[in-house]
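Structure data (PDB, C-alpha atoms) from model-v5.pdb:
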MODEL        1
ATOM      1  CA  MET A 164     -40.372 -19.908  18.665
ATOM      2  CA  THR A 165     -36.741 -19.648  19.783
ATOM      3  CA  SER A 166     -36.354 -18.424  23.330
ATOM      4  CA  PRO A 167     -34.038 -15.426  23.724
ATOM      5  CA  THR A 168     -31.207 -15.659  26.199
ATOM      6  CA  THR A 169     -31.067 -14.033  29.640
ATOM      7  CA  GLU A 170     -27.809 -12.923  31.239
ATOM      8  CA  PRO A 171     -26.472 -10.283  33.645
ATOM      9  CA  LEU A 172     -25.102  -7.225  31.861
ATOM     10  CA  LEU A 173     -23.171  -4.333  33.334
ATOM     11  CA  VAL A 174     -24.463  -0.780  32.960
ATOM     12  CA  LYS A 175     -21.230   0.706  31.646
ATOM     13  CA  GLN A 176     -22.421   4.220  30.869
ATOM     14  CA  ALA A 177     -25.404   6.538  31.212
ATOM     15  CA  ARG A 178     -25.802   9.835  29.388
ATOM     16  CA  TRP A 179     -28.505  12.341  28.528
ATOM     17  CA  VAL A 180     -29.519  12.358  24.848
ATOM     18  CA  ALA A 181     -32.498  14.737  25.190
ATOM     19  CA  ARG A 182     -34.571  16.331  27.904
ATOM     20  CA  ASP A 183     -35.908  13.557  30.181
ATOM     21  CA  VAL A 184     -34.244  10.890  27.997
ATOM     22  CA  VAL A 185     -31.334   8.894  29.411
ATOM     23  CA  GLU A 186     -29.290   6.422  27.375
ATOM     24  CA  LEU A 187     -27.795   3.285  28.960
ATOM     25  CA  ARG A 188     -24.923   1.281  27.476
ATOM     26  CA  LEU A 189     -24.828  -2.383  28.533
ATOM     27  CA  ILE A 190     -21.878  -4.760  28.243
ATOM     28  CA  ARG A 191     -20.913  -8.217  29.482
ATOM     29  CA  PRO A 192     -19.107  -7.866  32.855
ATOM     30  CA  ALA A 193     -16.059  -9.710  31.523
ATOM     31  CA  GLY A 194     -16.340  -8.174  28.064
ATOM     32  CA  GLY A 195     -16.896 -10.049  24.828
ATOM     33  CA  ALA A 196     -19.416 -10.140  22.035
ATOM     34  CA  LEU A 197     -23.153 -10.006  22.685
ATOM     35  CA  PRO A 198     -25.747 -11.788  20.526
ATOM     36  CA  SER A 199     -26.266 -10.078  17.178
ATOM     37  CA  TRP A 200     -29.467  -8.144  16.500
ATOM     38  CA  GLU A 201     -31.258  -6.345  13.699
ATOM     39  CA  PRO A 202     -33.009  -2.956  13.603
ATOM     40  CA  GLY A 203     -36.373  -3.055  15.372
ATOM     41  CA  ALA A 204     -35.217  -5.444  18.098
ATOM     42  CA  HIS A 205     -35.772  -4.875  21.801
ATOM     43  CA  VAL A 206     -34.444  -6.267  25.060
ATOM     44  CA  GLU A 207     -36.099  -6.669  28.438
ATOM     45  CA  LEU A 208     -34.398  -5.290  31.543
ATOM     46  CA  THR A 209     -35.086  -6.545  35.057
ATOM     47  CA  LEU A 210     -34.657  -3.474  37.241
ATOM     48  CA  PRO A 211     -33.340  -3.523  40.840
ATOM     49  CA  SER A 212     -36.925  -3.394  42.155
ATOM     50  CA  GLY A 213     -37.849  -6.498  40.143
ATOM     51  CA  LEU A 214     -39.850  -4.600  37.530
ATOM     52  CA  ARG A 215     -39.345  -5.896  33.988
ATOM     53  CA  ARG A 216     -39.449  -3.444  31.118
ATOM     54  CA  ALA A 217     -38.777  -3.801  27.387
ATOM     55  CA  TYR A 218     -36.811  -1.148  25.483
ATOM     56  CA  SER A 219     -35.780  -0.879  21.846
ATOM     57  CA  LEU A 220     -32.126  -1.291  20.982
ATOM     58  CA  CYS A 221     -31.009   2.001  19.483
ATOM     59  CA  GLY A 222     -27.258   1.568  19.162
ATOM     60  CA  ASP A 223     -25.237   0.501  16.142
ATOM     61  CA  VAL A 224     -25.684  -3.118  15.029
ATOM     62  CA  ALA A 225     -21.979  -3.112  14.149
ATOM     63  CA  ASP A 226     -21.107  -2.614  17.834
ATOM     64  CA  THR A 227     -20.889  -6.255  18.858
ATOM     65  CA  GLU A 228     -19.789  -5.668  22.462
ATOM     66  CA  SER A 229     -22.484  -3.346  23.788
ATOM     67  CA  TRP A 230     -26.235  -2.820  23.645
ATOM     68  CA  THR A 231     -27.763   0.643  23.925
ATOM     69  CA  VAL A 232     -31.261   1.642  25.058
ATOM     70  CA  ALA A 233     -32.748   5.081  25.670
ATOM     71  CA  VAL A 234     -35.521   5.637  28.202
ATOM     72  CA  HIS A 235     -37.915   8.577  28.428
ATOM     73  CA  ARG A 236     -39.000   9.512  31.933
ATOM     74  CA  VAL A 237     -42.789   9.162  32.269
ATOM     75  CA  PRO A 238     -43.827  10.742  35.595
ATOM     76  CA  ASN A 239     -47.255   9.096  35.658
ATOM     77  CA  GLY A 240     -46.230   5.805  34.043
ATOM     78  CA  ARG A 241     -45.919   2.343  35.555
ATOM     79  CA  GLY A 242     -42.677   3.082  37.401
ATOM     80  CA  GLY A 243     -39.981   1.570  35.195
ATOM     81  CA  SER A 244     -38.763   4.791  33.603
ATOM     82  CA  ARG A 245     -38.779   6.626  36.935
ATOM     83  CA  GLU A 246     -36.671   3.886  38.478
ATOM     84  CA  ILE A 247     -34.133   4.018  35.654
ATOM     85  CA  HIS A 248     -33.876   7.808  35.914
ATOM     86  CA  ASP A 249     -33.780   7.949  39.713
ATOM     87  CA  THR A 250     -31.433   5.013  40.418
ATOM     88  CA  ALA A 251     -27.641   5.116  40.132
ATOM     89  CA  LEU A 252     -27.311   2.224  37.688
ATOM     90  CA  VAL A 253     -23.804   2.752  36.301
ATOM     91  CA  GLY A 254     -21.595  -0.028  37.617
ATOM     92  CA  ARG A 255     -24.551  -2.279  38.493
ATOM     93  CA  GLU A 256     -25.569  -5.479  36.763
ATOM     94  CA  LEU A 257     -29.070  -6.012  35.407
ATOM     95  CA  GLU A 258     -30.630  -9.204  34.093
ATOM     96  CA  VAL A 259     -31.241  -8.631  30.383
ATOM     97  CA  ARG A 260     -33.333 -10.852  28.145
ATOM     98  CA  GLY A 261     -33.146 -10.682  24.375
ATOM     99  CA  PRO A 262     -32.837  -9.604  21.745
ATOM    100  CA  VAL A 263     -36.361 -10.081  20.340
ATOM    101  CA  ASN A 264     -37.553  -8.484  17.097
ATOM    102  CA  ARG A 265     -41.251  -8.005  16.361
ATOM    103  CA  PHE A 266     -40.663  -4.829  14.347
ATOM    104  CA  PRO A 267     -38.266  -5.956  11.609
ATOM    105  CA  LEU A 268     -37.461  -4.197   8.367
ATOM    106  CA  VAL A 269     -39.349  -5.832   5.516
ATOM    107  CA  PRO A 270     -38.095  -5.744   1.910
ATOM    108  CA  ALA A 271     -39.322  -2.624   0.087
ATOM    109  CA  GLU A 272     -38.204  -0.167  -2.563
ATOM    110  CA  GLY A 273     -37.949   2.598   0.039
ATOM    111  CA  TYR A 274     -39.068   3.566   3.526
ATOM    112  CA  LEU A 275     -40.944   6.301   5.365
ATOM    113  CA  LEU A 276     -40.022   6.386   9.055
ATOM    114  CA  LEU A 277     -42.345   8.361  11.354
ATOM    115  CA  ALA A 278     -41.320   8.935  14.967
ATOM    116  CA  GLY A 279     -42.845  10.776  17.884
ATOM    117  CA  GLY A 280     -40.609  11.534  20.869
ATOM    118  CA  ILE A 281     -38.925   8.412  22.237
ATOM    119  CA  GLY A 282     -40.361   6.545  19.245
ATOM    120  CA  ILE A 283     -37.115   7.416  17.483
ATOM    121  CA  THR A 284     -35.309   4.571  19.280
ATOM    122  CA  PRO A 285     -36.281   1.637  17.001
ATOM    123  CA  LEU A 286     -36.183   3.831  13.879
ATOM    124  CA  LEU A 287     -32.658   5.203  14.316
ATOM    125  CA  PRO A 288     -31.005   1.796  13.692
ATOM    126  CA  MET A 289     -33.297   1.388  10.681
ATOM    127  CA  ALA A 290     -32.056   4.671   9.215
ATOM    128  CA  ARG A 291     -28.465   3.535   9.718
ATOM    129  CA  GLU A 292     -29.176   0.162   8.100
ATOM    130  CA  LEU A 293     -30.996   1.676   5.113
ATOM    131  CA  THR A 294     -28.146   4.106   4.575
ATOM    132  CA  THR A 295     -25.699   1.199   4.572
ATOM    133  CA  ARG A 296     -27.859  -0.657   2.053
ATOM    134  CA  GLY A 297     -28.167   2.417  -0.162
ATOM    135  CA  LEU A 298     -31.968   2.356  -0.062
ATOM    136  CA  PRO A 299     -34.203   5.465  -0.207
ATOM    137  CA  TRP A 300     -35.628   6.604   3.118
ATOM    138  CA  ARG A 301     -37.135   9.611   4.831
ATOM    139  CA  LEU A 302     -37.524  10.160   8.560
ATOM    140  CA  VAL A 303     -39.847  12.573  10.365
ATOM    141  CA  LEU A 304     -39.305  13.143  14.104
ATOM    142  CA  GLY A 305     -41.690  15.219  16.182
ATOM    143  CA  ALA A 306     -41.624  16.190  19.857
ATOM    144  CA  ARG A 307     -43.156  18.828  22.127
ATOM    145  CA  ASP A 308     -40.094  21.068  21.828
ATOM    146  CA  ARG A 309     -36.578  21.006  20.419
ATOM    147  CA  SER A 310     -35.007  19.916  23.721
ATOM    148  CA  ARG A 311     -36.970  16.651  23.554
ATOM    149  CA  LEU A 312     -35.742  15.661  20.089
ATOM    150  CA  ALA A 313     -33.267  12.828  20.699
ATOM    151  CA  TYR A 314     -30.305  11.898  18.477
ATOM    152  CA  THR A 315     -30.863  14.883  16.186
ATOM    153  CA  GLU A 316     -27.190  15.513  15.388
ATOM    154  CA  GLU A 317     -26.630  11.923  14.322
ATOM    155  CA  LEU A 318     -29.850  11.844  12.320
ATOM    156  CA  VAL A 319     -29.038  15.016  10.399
ATOM    157  CA  ALA A 320     -25.469  13.845   9.789
ATOM    158  CA  LEU A 321     -26.828  10.520   8.575
ATOM    159  CA  GLY A 322     -29.677  11.707   6.388
ATOM    160  CA  GLY A 323     -29.299  15.437   5.697
ATOM    161  CA  ASP A 324     -32.482  16.765   4.118
ATOM    162  CA  ARG A 325     -34.031  13.300   4.303
ATOM    163  CA  VAL A 326     -34.614  14.056   7.999
ATOM    164  CA  LEU A 327     -37.362  16.458   9.103
ATOM    165  CA  LEU A 328     -37.338  17.613  12.731
ATOM    166  CA  VAL A 329     -40.647  19.029  13.967
ATOM    167  CA  PRO A 330     -40.661  20.677  17.421
ATOM    168  CA  GLN A 331     -44.356  21.185  18.142
ATOM    169  CA  ASP A 332     -43.968  24.540  19.925
ATOM    170  CA  GLU A 333     -42.283  25.974  16.815
ATOM    171  CA  ALA A 334     -43.894  24.170  13.877
ATOM    172  CA  GLY A 335     -47.003  22.405  15.157
ATOM    173  CA  LEU A 336     -47.633  18.718  14.583
ATOM    174  CA  PRO A 337     -45.933  16.861  11.709
ATOM    175  CA  ASP A 338     -47.997  16.900   8.517
ATOM    176  CA  LEU A 339     -48.435  13.143   8.313
ATOM    177  CA  ALA A 340     -50.886  13.369   5.415
ATOM    178  CA  ALA A 341     -48.393  15.300   3.304
ATOM    179  CA  GLU A 342     -45.566  12.923   4.185
ATOM    180  CA  LEU A 343     -47.617   9.876   3.221
ATOM    181  CA  ALA A 344     -48.844  11.538   0.019
ATOM    182  CA  ALA A 345     -45.243  12.270  -0.985
ATOM    183  CA  SER A 346     -44.110   8.731  -0.204
ATOM    184  CA  PRO A 347     -44.455   6.288  -3.133
ATOM    185  CA  PRO A 348     -46.936   3.458  -2.474
ATOM    186  CA  THR A 349     -44.105   0.949  -2.931
ATOM    187  CA  HIS A 350     -42.344   2.392   0.128
ATOM    188  CA  ALA A 351     -42.904   0.741   3.511
ATOM    189  CA  VAL A 352     -44.304   2.916   6.297
ATOM    190  CA  TYR A 353     -42.925   2.497   9.827
ATOM    191  CA  ALA A 354     -44.242   4.458  12.801
ATOM    192  CA  CYS A 355     -43.450   4.562  16.497
ATOM    193  CA  GLY A 356     -44.750   7.128  18.945
ATOM    194  CA  PRO A 357     -47.780   8.233  20.970
ATOM    195  CA  GLN A 358     -51.096   6.510  20.356
ATOM    196  CA  PRO A 359     -52.801   9.516  18.666
ATOM    197  CA  MET A 360     -49.967   9.609  16.139
ATOM    198  CA  LEU A 361     -50.267   5.884  15.427
ATOM    199  CA  ASP A 362     -54.041   6.218  15.063
ATOM    200  CA  ALA A 363     -53.561   9.040  12.558
ATOM    201  CA  VAL A 364     -51.007   7.069  10.543
ATOM    202  CA  THR A 365     -53.300   4.031  10.489
ATOM    203  CA  ALA A 366     -56.308   6.083   9.342
ATOM    204  CA  LEU A 367     -54.328   7.837   6.599
ATOM    205  CA  CYS A 368     -52.919   4.547   5.312
ATOM    206  CA  ARG A 369     -56.397   2.992   5.215
ATOM    207  CA  ALA A 370     -57.697   5.955   3.238
ATOM    208  CA  ALA A 371     -54.811   5.886   0.774
ATOM    209  CA  ASP A 372     -55.237   4.636  -2.795
ATOM    210  CA  PRO A 373     -53.916   2.011  -2.891
ATOM    211  CA  VAL A 374     -54.461   1.131   0.754
ATOM    212  CA  ARG A 375     -51.221   0.882   2.726
ATOM    213  CA  THR A 376     -50.394  -1.224   5.767
ATOM    214  CA  PRO A 377     -48.194   0.642   8.252
ATOM    215  CA  ARG A 378     -45.901  -1.217  10.588
ATOM    216  CA  LEU A 379     -46.319   0.092  14.114
ATOM    217  CA  GLU A 380     -44.382  -0.198  17.369
ATOM    218  CA  ARG A 381     -46.350   0.708  20.489
ATOM    219  CA  PHE A 382     -45.054   1.984  23.811
ATOM    220  CA  ALA A 383     -48.538   1.924  25.343
ATOM    221  CA  PRO A 384     -51.718  -0.103  24.847
ATOM    222  CA  ALA A 385     -54.008   0.919  22.007
ATOM    223  CA  ASP A 386     -56.983   3.036  23.017
ATOM    224  CA  SER A 387     -59.126   1.642  20.224
ATOM    225  CA  GLY A 388     -59.252  -1.151  17.715
ATOM    226  CA  LEU A 389     -58.828  -3.826  20.350
ATOM    227  CA  PRO A 390     -59.532  -7.393  19.279
ATOM    228  CA  GLU A 391     -63.045  -8.665  19.738
ATOM    229  CA  ARG A 392     -63.318 -11.001  22.660
ATOM    230  CA  SER A 393     -64.750 -14.352  21.761
ATOM    231  CA  GLY A 394     -65.442 -15.513  25.291
ATOM    232  CA  SER A 395     -67.112 -13.955  28.279
ATOM    233  CA  GLN A 396     -64.929 -12.097  30.746
ATOM    234  CA  SER A 397     -66.520 -14.236  33.466
ATOM    235  CA  ASP A 398     -65.342 -17.546  31.994
ATOM    236  CA  GLU A 399     -62.676 -19.503  33.813
ATOM    237  CA  PHE A 400     -60.634 -22.206  32.123
ATOM    238  CA  GLU A 401     -57.875 -24.716  32.748
ATOM    239  CA  VAL A 402     -54.260 -24.224  31.722
ATOM    240  CA  VAL A 403     -51.870 -27.141  31.288
ATOM    241  CA  LEU A 404     -48.147 -26.363  31.376
ATOM    242  CA  ARG A 405     -46.885 -29.120  29.104
ATOM    243  CA  ARG A 406     -43.166 -29.125  29.894
ATOM    244  CA  SER A 407     -43.686 -28.623  33.634
ATOM    245  CA  GLY A 408     -46.448 -31.233  33.900
ATOM    246  CA  LEU A 409     -48.662 -28.820  35.874
ATOM    247  CA  ARG A 410     -52.355 -28.031  35.563
ATOM    248  CA  THR A 411     -54.104 -25.016  37.088
ATOM    249  CA  THR A 412     -57.280 -22.943  36.850
ATOM    250  CA  VAL A 413     -57.390 -19.390  35.513
ATOM    251  CA  PRO A 414     -60.260 -17.603  37.300
ATOM    252  CA  ALA A 415     -62.364 -14.960  35.592
ATOM    253  CA  ASP A 416     -60.680 -12.123  37.458
ATOM    254  CA  ARG A 417     -57.043 -13.140  36.891
ATOM    255  CA  SER A 418     -54.771 -13.322  33.863
ATOM    256  CA  VAL A 419     -53.016 -16.394  32.552
ATOM    257  CA  LEU A 420     -49.737 -14.649  33.368
ATOM    258  CA  ASP A 421     -50.721 -14.136  37.003
ATOM    259  CA  VAL A 422     -51.605 -17.782  37.458
ATOM    260  CA  VAL A 423     -48.610 -19.128  35.553
ATOM    261  CA  ARG A 424     -46.184 -16.981  37.550
ATOM    262  CA  GLU A 425     -47.326 -18.691  40.734
ATOM    263  CA  LYS A 426     -45.938 -21.923  39.266
ATOM    264  CA  LEU A 427     -43.136 -20.504  37.127
ATOM    265  CA  PRO A 428     -41.987 -17.156  38.575
ATOM    266  CA  ASP A 429     -39.311 -16.668  35.911
ATOM    267  CA  VAL A 430     -41.716 -16.613  32.952
ATOM    268  CA  PRO A 431     -40.905 -13.470  30.910
ATOM    269  CA  TYR A 432     -43.274 -10.495  30.851
ATOM    270  CA  SER A 433     -43.123  -6.709  30.774
ATOM    271  CA  CYS A 434     -46.055  -4.448  29.844
ATOM    272  CA  GLU A 435     -48.888  -6.667  31.197
ATOM    273  CA  GLU A 436     -51.204  -4.827  28.810
ATOM    274  CA  GLY A 437     -50.796  -6.781  25.587
ATOM    275  CA  TYR A 438     -48.630  -4.487  23.490
ATOM    276  CA  CYS A 439     -44.955  -5.399  24.015
ATOM    277  CA  GLY A 440     -44.926  -9.128  23.198
ATOM    278  CA  SER A 441     -42.498 -10.096  25.985
ATOM    279  CA  CYS A 442     -44.819 -12.797  27.354
ATOM    280  CA  GLU A 443     -45.429 -14.487  23.976
ATOM    281  CA  THR A 444     -45.899 -18.209  24.636
ATOM    282  CA  SER A 445     -46.390 -21.169  22.299
ATOM    283  CA  VAL A 446     -49.809 -22.850  22.430
ATOM    284  CA  THR A 447     -49.657 -26.628  21.970
ATOM    285  CA  ALA A 448     -53.389 -27.398  22.351
ATOM    286  CA  GLY A 449     -56.635 -25.495  22.775
ATOM    287  CA  ILE A 450     -57.958 -22.281  21.209
ATOM    288  CA  PRO A 451     -56.453 -18.992  22.376
ATOM    289  CA  ASP A 452     -58.651 -15.894  22.604
ATOM    290  CA  HIS A 453     -56.271 -13.174  21.402
ATOM    291  CA  ARG A 454     -56.760  -9.853  23.186
ATOM    292  CA  ASP A 455     -53.383  -8.260  22.515
ATOM    293  CA  THR A 456     -52.355  -5.592  20.018
ATOM    294  CA  VAL A 457     -49.241  -7.464  18.856
ATOM    295  CA  THR A 458     -50.927 -10.259  16.898
ATOM    296  CA  ASP A 459     -52.329  -8.961  13.621
ATOM    297  CA  PRO A 460     -56.066  -9.666  13.215
ATOM    298  CA  SER A 461     -55.339 -11.632  10.036
ATOM    299  CA  GLU A 462     -52.963 -13.907  11.975
ATOM    300  CA  ARG A 463     -55.202 -14.666  14.963
ATOM    301  CA  PRO A 464     -57.107 -17.652  13.503
ATOM    302  CA  THR A 465     -53.879 -19.571  12.807
ATOM    303  CA  ALA A 466     -51.527 -18.104  15.436
ATOM    304  CA  THR A 467     -49.634 -20.748  17.405
ATOM    305  CA  THR A 468     -48.532 -18.332  20.131
ATOM    306  CA  MET A 469     -50.353 -15.984  22.503
ATOM    307  CA  MET A 470     -49.616 -13.077  24.838
ATOM    308  CA  ILE A 471     -50.533 -14.541  28.195
ATOM    309  CA  CYS A 472     -50.757 -11.197  30.001
ATOM    310  CA  VAL A 473     -54.126 -10.308  28.440
ATOM    311  CA  SER A 474     -55.260 -13.117  26.135
ATOM    312  CA  ARG A 475     -57.499 -15.888  27.417
ATOM    313  CA  SER A 476     -58.938 -19.167  26.129
ATOM    314  CA  ALA A 477     -61.877 -19.873  23.852
ATOM    315  CA  SER A 478     -61.715 -23.566  24.832
ATOM    316  CA  PRO A 479     -62.192 -25.170  28.267
ATOM    317  CA  VAL A 480     -58.528 -26.239  28.376
ATOM    318  CA  LEU A 481     -55.472 -24.459  27.011
ATOM    319  CA  GLU A 482     -52.069 -26.153  26.834
ATOM    320  CA  LEU A 483     -48.953 -23.991  26.838
ATOM    321  CA  ASP A 484     -45.361 -24.910  26.032
ATOM    322  CA  LEU A 485     -44.085 -24.030  29.504
TER     323      LEU A 485
ENDMDL
END

As structure tokens:
Amino acid sequence: MTSPTTEPLLVKQARWVARDVVELRLIRPAGGALPSWEPGAHVELTLPSGLRRAYSLCGDVADTESWTVAVHRVPNGRGGSREIHDTALVGRELEVRGPVNRFPLVPAEGYLLLAGGIGITPLLPMARELTTRGLPWRLVLGARDRSRLAYTEELVALGGDRVLLVPQDEAGLPDLAAELAASPPTHAVYACGPQPMLDAVTALCRAADPVRTPRLERFAPADSGLPERSGSQSDEFEVVLRRSGLRTTVPADRSVLDVVREKLPDVPYSCEEGYCGSCETSVTAGIPDHRDTVTDPSERPTATTMMICVSRSASPVLELDL
């Protein structure tokens, strides 16, 4: 696993792109090209308060000198979006880690892109890329009302009638069943949005004939379908940090991340709930007990990495490449 880079970037511009959605453009303070990225990638921002939050890159991959993220204000969230909206960030530098891509475009004959609200951010670069490649695609974007539909002008200009905008107060919820039924089974299904939407997409794909496997990006932990836990919550275990030469105990009531940060405060993390993948760490010995929603169930038995914010150990000792 290649570690992404971390560097200070300047917030060059902020602008509203929808109600309660602010877009930030980040550049190197002295200018110059940033690392390249592909649709589906995200970066992690360290905010002035010290909070770390991951956001999808939603700009143009051809823009080599700036990165763009868009953030929806969540009043009752964990504080990151409120800080971004309430803090004068233009002209300030933020530590930015990335890019990382756990939501890449896979080869397919065509694509169905399903977005709810701010879930448009990873899918917009995909629509641009698919247009450039000349591949078939359709995008459905829903939100509570028209004012909350972000990037609509660009989407319609890009895709025309391939784009369906669904403001809930005017048209109800998107008809996901109809969209999936109209999408050929050889087309890949991508979805990003609220958990009920992702649950509905997953259920419809499982019921399809043939069964389809949607590719999902979460902005919150799953409410259901969590991995089975192989060990007791009360079990403690030892963690060895191989590169640092340190050994420590993870008590039953603390996470691996909590304990590791006492030794290595700069270890990356963001959601602390097992859905963003920022804390993914290579396991060099021992048996991880995967409790995240990033690692696919089929990959858990052979996975060589783990999300240390929620996952634990099924062996007495776990060795991490830290």

Picked residues, the PyMOL selection byres ((chain A and resi 311-325) around 10), expected as a tab-separated table (two decimals) with C-alpha atoms, keeping the file's coordinate frame:
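So selection-v5.tsv came out as:
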chain	number	residue	atom	x	y	z
A	179	TRP	CA	-28.50	12.34	28.53
A	180	VAL	CA	-29.52	12.36	24.85
A	181	ALA	CA	-32.50	14.74	25.19
A	182	ARG	CA	-34.57	16.33	27.90
A	183	ASP	CA	-35.91	13.56	30.18
A	184	VAL	CA	-34.24	10.89	28.00
A	185	VAL	CA	-31.33	8.89	29.41
A	221	CYS	CA	-31.01	2.00	19.48
A	233	ALA	CA	-32.75	5.08	25.67
A	235	HIS	CA	-37.92	8.58	28.43
A	275	LEU	CA	-40.94	6.30	5.36
A	279	GLY	CA	-42.84	10.78	17.88
A	280	GLY	CA	-40.61	11.53	20.87
A	281	ILE	CA	-38.92	8.41	22.24
A	282	GLY	CA	-40.36	6.54	19.24
A	283	ILE	CA	-37.12	7.42	17.48
A	284	THR	CA	-35.31	4.57	19.28
A	287	LEU	CA	-32.66	5.20	14.32
A	290	ALA	CA	-32.06	4.67	9.22
A	291	ARG	CA	-28.46	3.54	9.72
A	294	THR	CA	-28.15	4.11	4.58
A	299	PRO	CA	-34.20	5.46	-0.21
A	300	TRP	CA	-35.63	6.60	3.12
A	301	ARG	CA	-37.14	9.61	4.83
A	302	LEU	CA	-37.52	10.16	8.56
A	303	VAL	CA	-39.85	12.57	10.36
A	304	LEU	CA	-39.30	13.14	14.10
A	305	GLY	CA	-41.69	15.22	16.18
A	306	ALA	CA	-41.62	16.19	19.86
A	307	ARG	CA	-43.16	18.83	22.13
A	308	ASP	CA	-40.09	21.07	21.83
A	309	ARG	CA	-36.58	21.01	20.42
A	310	SER	CA	-35.01	19.92	23.72
A	326	VAL	CA	-34.61	14.06	8.00
A	327	LEU	CA	-37.36	16.46	9.10
A	328	LEU	CA	-37.34	17.61	12.73
A	329	VAL	CA	-40.65	19.03	13.97
A	330	PRO	CA	-40.66	20.68	17.42

I'd like to know which of A:Gln358, A:Ser199, A:Ser212, A:Thr456 is closest to Arg265 of chain A, using all atoms listed in the file. A:Thr456

Record the distance separating atom CA of Leu214 of chain A and atom CA of Glu258 of chain A, expressed in Å with one decimal. 10.9 Å

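As for atom CA of Gly261 of chain A and atom CA of His205 of chain A, they are spaced 6.9 Å apart.
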
Hey, what's within 10 Å of Leu409 of chain A if we count only C-alpha atoms and toss same-chain stuff fewer than 5 positions away? As number ranges by chain, please? A: 402-404, 423, 426, 485

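Proximity to Gly408 of chain A was assessed for A:Asp249, A:Asp484, A:Glu272, A:Glu170 counting only C-alpha atoms; the smallest distance is recorded for A:Asp484.
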
Determine the residue set returned by the PyMOL selection byres ((chain A and resi 366) around 12) for the present structure, and present it as a PyMOL selection string. chain A and resi 339-340+343+359-365+367-371+374-377+388

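The closest residue to Ser407 of chain A, picked from A:Lys175, A:Tyr438, A:Arg215, A:Glu482 and counting all atoms listed in the file, is A:Glu482.
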
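Put simply, atom CA of Asp416 of chain A is 12.6 Å away from atom CA of Ser474 of chain A.
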
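Proximity ranking of A:Pro431, A:Pro451, A:Gly242, A:Gly297 relative to Val480 of chain A places A:Pro451 first, based on all atoms listed in the file.
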
So, counting all atoms listed in the file, which residue among A:Leu277, A:Ile190, A:Leu210, A:Ile450 is closest to Arg245 of chain A? A:Leu210

Write out as AutoDock Vina command-line options an axis-aligned box for segment 350-366 of chain A: all of its atoms listed in the file, 8 Å added on each side, centre and edge lengths in Å with one decimal.
--center_x -49.3 --center_y 5.2 --center_z 10.5 --size_x 30.0 --size_y 24.9 --size_z 36.8

Check the smallest atom-to-atom distance from each of A:Met289, A:Ala345, A:Val237, A:Ala278 to Pro357 of chain A using all atoms listed in the file, then report the winner. A:Ala278

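Within 6 Å of Glu228 of chain A, once all atoms listed in the file are used and residues closer than 2 positions along the same chain are dropped, the contacting residues are Gly195, Ala196, Leu197 and Asp226 of chain A.
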
Would you put the residues from that selection into a file with C-alpha atoms, as a PDB file, in the frame of the given file?
ATOM      1  CA  GLY A 195     -16.896 -10.049  24.828  1.00  0.00           C
ATOM      2  CA  ALA A 196     -19.416 -10.140  22.035  1.00  0.00           C
ATOM      3  CA  LEU A 197     -23.153 -10.006  22.685  1.00  0.00           C
ATOM      4  CA  ASP A 226     -21.107  -2.614  17.834  1.00  0.00           C
TER       5      ASP A 226
END

Carefully work through the PyMOL selection byres ((chain A and resi 172) around 6) for this structure and note down the residues it includes, as JSON, numbers by chain. {"A": [171, 173, 189, 190, 191, 256, 257]}
